[in-house]
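Before any comments, here is the structure.
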Amino acid sequence: GDLARAPPAAQREEPAPGSTGATGRVLVVEDEVALAEVIEEYLVSCGHAVDVAHDVRTALQRVEQVRYDAILSDMKMPDMSGQDLYERVREMSPDLAARIIFSTGDSANPETIGFFERVGNRWLTKPFNLTQLSLAIASVIGPHGDGRLPA
């Protein structure tokens, strides 16, 4: 059968350390420029294509133009919040809204936690480590491509 054939060269390259093999196009929405740069560099090293937006308005413009596999969004930003981003993206693409991963430095806030519980999205508490981030992104991109974890 076909099983003995070697995969194309592109698939044989070793993934970066911390990479889980599932890669895609990721939008990072983070108003702290230095942090956004660290995240971008790391995700690119894992094989993702990465765009960065430093505010929600820019992020929404990107979402209208590009098809993303996952979005990492800070919850607290100057103009609009991660929650605002979620509501707007959900109107445009409910499927993509389910693949937003939130990051928050405010995980003790009952409103924030209530929002996370209501939408059921993944979230990371700042400061998170990059491996946690990589695993969260891989889990929403998923080997199946639709971001659903196997039951």
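Each chain of the structure tokens is named A, B, ... in the order shown, its residues numbered from 1; ligands are numbered from 1 in display order.
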- Message: Taking only range 11-148 of chain A into account, list the residues labelled helix (DSSP H, G or I) by DSSP (computed from the backbone), as a PyMOL selection string.
- Response: chain A and resi 11-12+33-45+56-65+82-92+94-97+110-119+130-141
- Query: Which residues, written as number ranges by chain, have at least one atom at most 6 Å from Gly82 in chain A, with only C-alpha atoms counted and residues fewer than 4 positions away on the same chain left out?
  - Reply: A: 73-75
Store the residues picked out above, limited to C-alpha atoms, as a short mmCIF file (atom, residue, chain, number, x, y, z; two decimals), in the first residue's frame.
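Resulting contents of out37.cif:
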data_model
loop_
_atom_site.label_atom_id
_atom_site.label_comp_id
_atom_site.auth_asym_id
_atom_site.auth_seq_id
_atom_site.Cartn_x
_atom_site.Cartn_y
_atom_site.Cartn_z
CA SER A 73 -5.97 37.91 23.05
CA ASP A 74 -5.11 39.84 26.16
CA MET A 75 -8.24 40.65 28.18
#
- Query: Near range 91-106 of chain A, counting only C-alpha atoms, which residues have an atom at most 7 Å away, once you skip same-chain residues fewer than 3 positions from it, shown as a count of residues only?
  - Reply: 18
- Would you list the contacts of Arg57 in chain A as a list in words, taking every protein, DNA or RNA residue within 12 Å and counting only C-alpha atoms, but skipping same-chain residues closer than 5 positions in sequence?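 In the requested form, the answer reads Val29, Glu30, Asp31, Arg62, Val63, Glu64, Met77, Pro78, Asp79, Met80, Ser81, Gly82, Asp84, Leu85, Arg88 and Val89 of chain A.
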- Note on the structure: Restricting to only C-alpha atoms, whichever of A:Gln83, A:Thr112, A:Thr23, A:Gln65 is closest to Val44 in chain A is A:Thr23
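Using only C-alpha atoms, the shortest contact distance between Val52 in chain A and any of A:Arg118, A:Ile141, A:Leu35, A:Val28 is found at A:Val28.
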- What is the distance, in Å and to one decimal place, between CA of Phe115 in chain A and CA of Ala136 in chain A?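 Separating CA of Phe115 in chain A from CA of Ala136 in chain A is a distance of 18.2 Å.
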- Task: Can you work out the spacing between CA of Gly24 in chain A and CA of Asp69 in chain A in Å, to one decimal?
- Result: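 So the answer is 5.7 Å.
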- Item | Residue contacts of Arg25 in chain A (8 Å, only C-alpha atoms) excluding same-chain residues fewer than 2 positions away, as a PyMOL selection string | chain A and resi 23+27+48-51+67-70
- Message: So, with only C-alpha atoms as the atoms that count, which of A:Leu60, A:Ile113, A:Val66, A:Arg90 lies closest to Val26 in chain A?
- Response: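 Residue with the minimum atom-to-atom distance to Val26 in chain A: A:Val66.
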